[in-house]
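*Asks:* This one is data-v1.pdb, PDB, N, CA, C and O atoms.
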ATOM      1  N   VAL A 203       9.645   8.953   4.558
ATOM      2  CA  VAL A 203       8.455   9.240   3.780
ATOM      3  C   VAL A 203       8.525   8.422   2.489
ATOM      4  O   VAL A 203       9.563   8.399   1.837
ATOM      5  N   PHE A 204       7.416   7.775   2.152
ATOM      6  CA  PHE A 204       7.365   6.901   0.977
ATOM      7  C   PHE A 204       6.347   7.417  -0.038
ATOM      8  O   PHE A 204       5.289   7.913   0.327
ATOM      9  N   ASP A 205       6.676   7.251  -1.312
ATOM     10  CA  ASP A 205       5.723   7.484  -2.396
ATOM     11  C   ASP A 205       5.235   6.098  -2.817
ATOM     12  O   ASP A 205       5.938   5.366  -3.504
ATOM     13  N   LEU A 206       4.041   5.737  -2.375
ATOM     14  CA  LEU A 206       3.517   4.396  -2.634
ATOM     15  C   LEU A 206       3.154   4.173  -4.098
ATOM     16  O   LEU A 206       2.971   3.040  -4.526
ATOM     17  N   THR A 207       3.074   5.243  -4.886
ATOM     18  CA  THR A 207       2.738   5.100  -6.302
ATOM     19  C   THR A 207       3.930   4.635  -7.121
ATOM     20  O   THR A 207       3.764   4.180  -8.250
ATOM     21  N   VAL A 208       5.129   4.725  -6.569
ATOM     22  CA  VAL A 208       6.328   4.322  -7.294
ATOM     23  C   VAL A 208       6.408   2.808  -7.406
ATOM     24  O   VAL A 208       6.817   2.256  -8.410
ATOM     25  N   ARG A 209       6.003   2.109  -6.375
ATOM     26  CA  ARG A 209       6.076   0.642  -6.332
ATOM     27  C   ARG A 209       4.755   0.064  -6.826
ATOM     28  O   ARG A 209       3.789  -0.024  -6.084
ATOM     29  N   GLN A 210       4.695  -0.304  -8.086
ATOM     30  CA  GLN A 210       3.471  -0.878  -8.638
ATOM     31  C   GLN A 210       3.449  -2.380  -8.380
ATOM     32  O   GLN A 210       4.453  -3.064  -8.543
ATOM     33  N   ILE A 211       2.298  -2.898  -7.989
ATOM     34  CA  ILE A 211       2.127  -4.321  -7.735
ATOM     35  C   ILE A 211       2.076  -5.091  -9.055
ATOM     36  O   ILE A 211       2.578  -6.182  -9.170
ATOM     37  N   THR A 212       1.477  -4.514 -10.062
ATOM     38  CA  THR A 212       1.373  -5.145 -11.378
ATOM     39  C   THR A 212       1.540  -4.081 -12.459
ATOM     40  O   THR A 212       1.221  -2.923 -12.239
ATOM     41  N   ALA A 213       2.028  -4.484 -13.586
ATOM     42  CA  ALA A 213       2.226  -3.548 -14.694
ATOM     43  C   ALA A 213       1.016  -3.494 -15.620
ATOM     44  O   ALA A 213       1.016  -2.766 -16.593
ATOM     45  N   LEU A 214      -0.013  -4.269 -15.352
ATOM     46  CA  LEU A 214      -1.192  -4.283 -16.212
ATOM     47  C   LEU A 214      -1.962  -2.973 -16.087
ATOM     48  O   LEU A 214      -2.191  -2.488 -14.988
ATOM     49  N   PRO A 215      -2.371  -2.404 -17.215
ATOM     50  CA  PRO A 215      -3.120  -1.147 -17.162
ATOM     51  C   PRO A 215      -4.552  -1.371 -16.675
ATOM     52  O   PRO A 215      -5.096  -2.470 -16.766
ATOM     53  N   GLY A 216      -5.144  -0.325 -16.148
ATOM     54  CA  GLY A 216      -6.552  -0.378 -15.778
ATOM     55  C   GLY A 216      -6.828  -0.843 -14.367
ATOM     56  O   GLY A 216      -7.985  -1.065 -14.015
ATOM     57  N   TYR A 217      -5.817  -0.995 -13.549
ATOM     58  CA  TYR A 217      -6.023  -1.402 -12.160
ATOM     59  C   TYR A 217      -5.900  -0.205 -11.241
ATOM     60  O   TYR A 217      -5.082   0.685 -11.469
ATOM     61  N   THR A 218      -6.706  -0.181 -10.206
ATOM     62  CA  THR A 218      -6.648   0.860  -9.187
ATOM     63  C   THR A 218      -6.093   0.237  -7.912
ATOM     64  O   THR A 218      -6.493  -0.865  -7.533
ATOM     65  N   PHE A 219      -5.175   0.954  -7.265
ATOM     66  CA  PHE A 219      -4.566   0.474  -6.031
ATOM     67  C   PHE A 219      -4.959   1.394  -4.888
ATOM     68  O   PHE A 219      -4.833   2.609  -4.999
ATOM     69  N   GLN A 220      -5.440   0.804  -3.799
ATOM     70  CA  GLN A 220      -5.757   1.553  -2.594
ATOM     71  C   GLN A 220      -4.937   0.949  -1.461
ATOM     72  O   GLN A 220      -4.839  -0.272  -1.342
ATOM     73  N   TYR A 221      -4.352   1.807  -0.638
ATOM     74  CA  TYR A 221      -3.438   1.358   0.417
ATOM     75  C   TYR A 221      -4.056   1.581   1.787
ATOM     76  O   TYR A 221      -4.746   2.582   2.015
ATOM     77  N   TYR A 222      -3.770   0.640   2.703
ATOM     78  CA  TYR A 222      -4.358   0.645   4.044
ATOM     79  C   TYR A 222      -3.281   0.271   5.068
ATOM     80  O   TYR A 222      -2.298  -0.390   4.729
ATOM     81  N   PRO A 223      -3.474   0.653   6.341
ATOM     82  CA  PRO A 223      -2.485   0.327   7.371
ATOM     83  C   PRO A 223      -2.298  -1.176   7.621
ATOM     84  O   PRO A 223      -1.291  -1.584   8.179
ATOM     85  N   SER A 224      -3.259  -1.994   7.200
ATOM     86  CA  SER A 224      -3.149  -3.445   7.396
ATOM     87  C   SER A 224      -3.981  -4.162   6.335
ATOM     88  O   SER A 224      -4.842  -3.556   5.688
ATOM     89  N   LEU A 225      -3.735  -5.457   6.191
ATOM     90  CA  LEU A 225      -4.529  -6.256   5.259
ATOM     91  C   LEU A 225      -5.987  -6.313   5.705
ATOM     92  O   LEU A 225      -6.900  -6.245   4.873
ATOM     93  N   THR A 226      -6.215  -6.400   7.008
ATOM     94  CA  THR A 226      -7.590  -6.414   7.534
ATOM     95  C   THR A 226      -8.329  -5.135   7.154
ATOM     96  O   THR A 226      -9.490  -5.172   6.755
ATOM     97  N   ASP A 227      -7.650  -3.983   7.275
ATOM     98  CA  ASP A 227      -8.274  -2.717   6.866
ATOM     99  C   ASP A 227      -8.603  -2.729   5.377
ATOM    100  O   ASP A 227      -9.657  -2.254   4.957
ATOM    101  N   ALA A 228      -7.705  -3.279   4.555
ATOM    102  CA  ALA A 228      -7.960  -3.349   3.117
ATOM    103  C   ALA A 228      -9.182  -4.217   2.822
ATOM    104  O   ALA A 228     -10.034  -3.863   2.011
ATOM    105  N   GLN A 229      -9.273  -5.347   3.512
ATOM    106  CA  GLN A 229     -10.399  -6.257   3.293
ATOM    107  C   GLN A 229     -11.717  -5.661   3.771
ATOM    108  O   GLN A 229     -12.766  -5.928   3.192
ATOM    109  N   ASN A 230     -11.663  -4.831   4.812
ATOM    110  CA  ASN A 230     -12.879  -4.194   5.344
ATOM    111  C   ASN A 230     -13.125  -2.816   4.743
ATOM    112  O   ASN A 230     -14.117  -2.174   5.070
ATOM    113  N   ASP A 231     -12.200  -2.348   3.882
ATOM    114  CA  ASP A 231     -12.275  -1.022   3.260
ATOM    115  C   ASP A 231     -12.420   0.072   4.317
ATOM    116  O   ASP A 231     -13.277   0.944   4.228
ATOM    117  N   THR A 232     -11.553   0.020   5.348
ATOM    118  CA  THR A 232     -11.547   1.017   6.414
ATOM    119  C   THR A 232     -10.144   1.603   6.566
ATOM    120  O   THR A 232      -9.145   0.937   6.312
ATOM    121  N   ASN A 233     -10.072   2.856   6.978
ATOM    122  CA  ASN A 233      -8.806   3.551   7.264
ATOM    123  C   ASN A 233      -7.884   3.657   6.049
ATOM    124  O   ASN A 233      -6.668   3.525   6.165
ATOM    125  N   GLN A 234      -8.447   3.926   4.898
ATOM    126  CA  GLN A 234      -7.639   4.037   3.680
ATOM    127  C   GLN A 234      -6.587   5.126   3.839
ATOM    128  O   GLN A 234      -6.857   6.204   4.366
ATOM    129  N   ILE A 235      -5.372   4.855   3.368
ATOM    130  CA  ILE A 235      -4.294   5.847   3.371
ATOM    131  C   ILE A 235      -4.530   6.766   2.183
ATOM    132  O   ILE A 235      -4.568   6.314   1.039
ATOM    133  N   THR A 236      -4.702   8.049   2.450
ATOM    134  CA  THR A 236      -5.024   8.989   1.377
ATOM    135  C   THR A 236      -3.802   9.761   0.880
ATOM    136  O   THR A 236      -3.817  10.277  -0.225
ATOM    137  N   ASN A 237      -2.757   9.849   1.686
ATOM    138  CA  ASN A 237      -1.555  10.584   1.266
ATOM    139  C   ASN A 237      -0.528   9.611   0.685
ATOM    140  O   ASN A 237       0.581   9.477   1.190
ATOM    141  N   ILE A 238      -0.881   8.954  -0.415
ATOM    142  CA  ILE A 238      -0.046   7.869  -0.950
ATOM    143  C   ILE A 238       1.243   8.361  -1.596
ATOM    144  O   ILE A 238       2.163   7.576  -1.799
ATOM    145  N   THR A 239       1.359   9.641  -1.919
ATOM    146  CA  THR A 239       2.611  10.135  -2.496
ATOM    147  C   THR A 239       3.581  10.614  -1.432
ATOM    148  O   THR A 239       4.746  10.878  -1.737
ATOM    149  N   SER A 240       3.134  10.728  -0.186
ATOM    150  CA  SER A 240       4.036  11.126   0.907
ATOM    151  C   SER A 240       3.618  10.439   2.208
ATOM    152  O   SER A 240       3.377  11.084   3.217
ATOM    153  N   TYR A 241       3.562   9.107   2.170
ATOM    154  CA  TYR A 241       3.162   8.326   3.334
ATOM    155  C   TYR A 241       4.343   8.180   4.288
ATOM    156  O   TYR A 241       5.439   7.795   3.887
ATOM    157  N   THR A 242       4.122   8.472   5.557
ATOM    158  CA  THR A 242       5.165   8.360   6.567
ATOM    159  C   THR A 242       5.013   7.047   7.313
ATOM    160  O   THR A 242       3.960   6.767   7.876
ATOM    161  N   ASN A 243       6.071   6.248   7.300
ATOM    162  CA  ASN A 243       6.094   4.987   8.040
ATOM    163  C   ASN A 243       6.034   5.314   9.528
ATOM    164  O   ASN A 243       6.797   6.135  10.016
ATOM    165  N   VAL A 244       5.125   4.683  10.251
ATOM    166  CA  VAL A 244       4.927   4.985  11.667
ATOM    167  C   VAL A 244       5.810   4.150  12.574
ATOM    168  O   VAL A 244       5.766   4.297  13.781
ATOM    169  N   SER A 245       6.619   3.298  12.010
ATOM    170  CA  SER A 245       7.441   2.403  12.812
ATOM    171  C   SER A 245       8.845   2.324  12.215
ATOM    172  O   SER A 245       9.004   2.320  11.000
ATOM    173  N   PRO A 246       9.872   2.231  13.067
ATOM    174  CA  PRO A 246      11.216   2.080  12.520
ATOM    175  C   PRO A 246      11.466   0.674  11.960
ATOM    176  O   PRO A 246      12.407   0.454  11.227
ATOM    177  N   ALA A 247      10.610  -0.253  12.304
ATOM    178  CA  ALA A 247      10.742  -1.621  11.802
ATOM    179  C   ALA A 247       9.969  -1.756  10.489
ATOM    180  O   ALA A 247       9.407  -0.796   9.974
ATOM    181  N   VAL A 248       9.912  -2.955   9.968
ATOM    182  CA  VAL A 248       9.143  -3.214   8.751
ATOM    183  C   VAL A 248       7.663  -3.006   9.051
ATOM    184  O   VAL A 248       7.150  -3.453  10.067
ATOM    185  N   GLN A 249       6.994  -2.303   8.178
ATOM    186  CA  GLN A 249       5.553  -2.101   8.304
ATOM    187  C   GLN A 249       4.888  -2.780   7.113
ATOM    188  O   GLN A 249       5.314  -2.601   5.971
ATOM    189  N   THR A 250       3.863  -3.571   7.388
ATOM    190  CA  THR A 250       3.145  -4.263   6.329
ATOM    191  C   THR A 250       1.836  -3.535   6.062
ATOM    192  O   THR A 250       0.981  -3.434   6.938
ATOM    193  N   LEU A 251       1.706  -3.019   4.852
ATOM    194  CA  LEU A 251       0.488  -2.328   4.445
ATOM    195  C   LEU A 251      -0.409  -3.302   3.702
ATOM    196  O   LEU A 251       0.063  -4.223   3.026
ATOM    197  N   GLY A 252      -1.710  -3.080   3.786
ATOM    198  CA  GLY A 252      -2.666  -3.827   2.992
ATOM    199  C   GLY A 252      -2.927  -3.083   1.699
ATOM    200  O   GLY A 252      -2.958  -1.857   1.679
ATOM    201  N   VAL A 253      -3.072  -3.815   0.618
ATOM    202  CA  VAL A 253      -3.340  -3.199  -0.685
ATOM    203  C   VAL A 253      -4.597  -3.826  -1.255
ATOM    204  O   VAL A 253      -4.726  -5.047  -1.341
ATOM    205  N   ARG A 254      -5.533  -2.976  -1.630
ATOM    206  CA  ARG A 254      -6.774  -3.402  -2.286
ATOM    207  C   ARG A 254      -6.601  -3.091  -3.763
ATOM    208  O   ARG A 254      -6.321  -1.954  -4.139
ATOM    209  N   ILE A 255      -6.745  -4.095  -4.613
ATOM    210  CA  ILE A 255      -6.546  -3.951  -6.053
ATOM    211  C   ILE A 255      -7.897  -4.131  -6.737
ATOM    212  O   ILE A 255      -8.563  -5.140  -6.544
ATOM    213  N   ILE A 256      -8.269  -3.143  -7.544
ATOM    214  CA  ILE A 256      -9.573  -3.162  -8.205
ATOM    215  C   ILE A 256      -9.353  -3.120  -9.712
ATOM    216  O   ILE A 256      -8.682  -2.230 -10.231
ATOM    217  N   SER A 257      -9.915  -4.106 -10.418
ATOM    218  CA  SER A 257      -9.786  -4.149 -11.878
ATOM    219  C   SER A 257     -10.844  -3.257 -12.516
ATOM    220  O   SER A 257     -11.792  -2.824 -11.857
ATOM    221  N   VAL A 258     -10.697  -3.018 -13.806
ATOM    222  CA  VAL A 258     -11.682  -2.202 -14.520
ATOM    223  C   VAL A 258     -13.052  -2.872 -14.543
ATOM    224  O   VAL A 258     -14.071  -2.213 -14.688
ATOM    225  N   GLN A 259     -13.083  -4.206 -14.389
ATOM    226  CA  GLN A 259     -14.358  -4.926 -14.344
ATOM    227  C   GLN A 259     -14.982  -4.897 -12.945
ATOM    228  O   GLN A 259     -16.084  -5.394 -12.756
ATOM    229  N   GLY A 260     -14.259  -4.332 -11.968
ATOM    230  CA  GLY A 260     -14.796  -4.247 -10.610
ATOM    231  C   GLY A 260     -14.401  -5.400  -9.707
ATOM    232  O   GLY A 260     -14.847  -5.469  -8.565
ATOM    233  N   CYS A 261     -13.569  -6.313 -10.195
ATOM    234  CA  CYS A 261     -13.091  -7.409  -9.349
ATOM    235  C   CYS A 261     -12.088  -6.845  -8.339
ATOM    236  O   CYS A 261     -11.296  -5.968  -8.663
ATOM    237  N   VAL A 262     -12.137  -7.374  -7.112
ATOM    238  CA  VAL A 262     -11.274  -6.875  -6.044
ATOM    239  C   VAL A 262     -10.363  -7.991  -5.556
ATOM    240  O   VAL A 262     -10.804  -9.129  -5.359
ATOM    241  N   GLY A 263      -9.097  -7.669  -5.379
ATOM    242  CA  GLY A 263      -8.116  -8.591  -4.826
ATOM    243  C   GLY A 263      -7.302  -7.873  -3.765
ATOM    244  O   GLY A 263      -7.355  -6.643  -3.644
ATOM    245  N   TYR A 264      -6.552  -8.623  -3.003
ATOM    246  CA  TYR A 264      -5.787  -8.058  -1.893
ATOM    247  C   TYR A 264      -4.379  -8.619  -1.881
ATOM    248  O   TYR A 264      -4.150  -9.766  -2.267
ATOM    249  N   THR A 265      -3.449  -7.812  -1.424
ATOM    250  CA  THR A 265      -2.079  -8.254  -1.205
ATOM    251  C   THR A 265      -1.479  -7.368  -0.119
ATOM    252  O   THR A 265      -2.154  -6.480   0.411
ATOM    253  N   THR A 266      -0.230  -7.617   0.207
ATOM    254  CA  THR A 266       0.455  -6.797   1.193
ATOM    255  C   THR A 266       1.707  -6.188   0.567
ATOM    256  O   THR A 266       2.235  -6.682  -0.429
ATOM    257  N   LEU A 267       2.165  -5.112   1.163
ATOM    258  CA  LEU A 267       3.364  -4.414   0.730
ATOM    259  C   LEU A 267       4.170  -4.085   1.973
ATOM    260  O   LEU A 267       3.655  -3.423   2.880
ATOM    261  N   ASN A 268       5.408  -4.567   2.041
ATOM    262  CA  ASN A 268       6.269  -4.281   3.189
ATOM    263  C   ASN A 268       7.124  -3.061   2.897
ATOM    264  O   ASN A 268       7.737  -2.974   1.831
ATOM    265  N   ILE A 269       7.160  -2.130   3.843
ATOM    266  CA  ILE A 269       8.032  -0.965   3.725
ATOM    267  C   ILE A 269       8.886  -0.890   4.986
ATOM    268  O   ILE A 269       8.470  -1.296   6.070
ATOM    269  N   ARG A 270      10.103  -0.369   4.819
ATOM    270  CA  ARG A 270      11.016  -0.279   5.951
ATOM    271  C   ARG A 270      11.921   0.923   5.749
ATOM    272  O   ARG A 270      12.407   1.176   4.650
ATOM    273  N   VAL A 271      12.161   1.637   6.835
ATOM    274  CA  VAL A 271      13.097   2.742   6.818
ATOM    275  C   VAL A 271      14.477   2.170   7.115
ATOM    276  O   VAL A 271      14.687   1.518   8.138
ATOM    277  N   LEU A 272      15.401   2.390   6.206
ATOM    278  CA  LEU A 272      16.771   1.929   6.412
ATOM    279  C   LEU A 272      17.552   2.989   7.181
ATOM    280  O   LEU A 272      17.322   4.183   7.011
ATOM    281  N   PRO A 273      18.487   2.560   8.028
ATOM    282  CA  PRO A 273      19.277   3.544   8.760
ATOM    283  C   PRO A 273      20.131   4.362   7.799
ATOM    284  O   PRO A 273      20.576   3.863   6.765
ATOM    285  N   ALA A 274      20.345   5.613   8.162
ATOM    286  CA  ALA A 274      21.170   6.491   7.337
ATOM    287  C   ALA A 274      22.624   6.024   7.382
ATOM    288  O   ALA A 274      23.109   5.609   8.440
ATOM    289  N   PRO A 275      23.312   6.058   6.260
ATOM    290  CA  PRO A 275      24.730   5.658   6.259
ATOM    291  C   PRO A 275      25.558   6.626   7.092
ATOM    292  O   PRO A 275      25.250   7.810   7.179
ATOM    293  N   GLU A 276      26.583   6.084   7.705
ATOM    294  CA  GLU A 276      27.467   6.938   8.517
ATOM    295  C   GLU A 276      28.569   7.521   7.685
ATOM    296  O   GLU A 276      29.002   6.983   6.729
TER
END
Rewrite the structure of this file - the entire thing - as structure tokens.

*Replies:*
Amino acid sequence: VFDLTVRQITALPGYTFQYYPSLTDAQNDTNQITNITSYTNVSPAVQTLGVRIISVQGCVGYTTLNIRVLPAPE
């Protein structure tokens, strides 16, 4: 389980971050991830999420965020 709010893409104030299962979803504004403080990775491999970044002026940009579940130490 991941808290997506912990990993900030930028430190600049006034930006809103929306997370999606893929970059395509972010670009189309579909299937937004709403449980960003307790998001469960659906794959044991690396999962690439789409991120929609909105400035206070309303400008929109996109990037990706890779998350991965590491194996538990023995």

*Asks:* When distances are computed from only N, CA, C and O atoms, which of A:Thr207, A:Tyr221, A:Val258, A:Ile269 shows the smallest separation from A:Asn243?

*Replies:*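 Among A:Thr207, A:Tyr221, A:Val258, A:Ile269, it is A:Ile269 that comes nearest to A:Asn243.
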
*Asks:* Rounded to one decimal, what separation in Å do you get between atom CA of A:Gln220 and atom CA of A:Arg270?

*Replies:*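 Going from atom CA of A:Gln220 over to atom CA of A:Arg270 covers 18.9 Å.
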
*Asks:* Would you list the contacts of A:Tyr222 as a list in words, taking every protein, DNA or RNA residue within 8 Å and counting only C-alpha atoms, but skipping same-chain residues closer than 2 positions in sequence?

*Replies:*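 The contact residues come out as Gln220, Ser224, Leu225, Asp227, Ala228, Thr232, Asn233, Gln234, Ile235, Leu251, Gly252, Val253 and Arg254 of chain A.
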
*Asks:* Using Å and a single decimal, report how far atom N of A:Tyr241 sits from atom CA of A:Pro275.

*Replies:*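 Here the two named atoms are 21.8 Å from each other.
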
*Asks:* Rank nothing, just name the residue among A:Thr218, A:Pro273, A:Leu267, A:Asp231 nearest to A:Gln249, using all atoms listed in the file.

*Replies:* A:Leu267

*Asks:* Would you list the residues near (7.4, 12.5, -1.1) (no more than 6 Å away, in the coordinates of the file, using all atoms listed in the file) as a ChimeraX atom specification?

*Replies:* /A:203-205,239-240

*Asks:* Pick from A:Leu206, A:Gly216, A:Thr265, A:Ile255: nearest to A:Asn237, with all atoms listed in the file counted?

*Replies:* A:Leu206

*Asks:* Please determine, counting only C-alpha atoms, which residue among A:Val271, A:Val208, A:Tyr264, A:Tyr217 has the shortest atom-to-atom distance to A:Ala247.

*Replies:*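 Answer, going by the shortest atom-to-atom distance: A:Val271.
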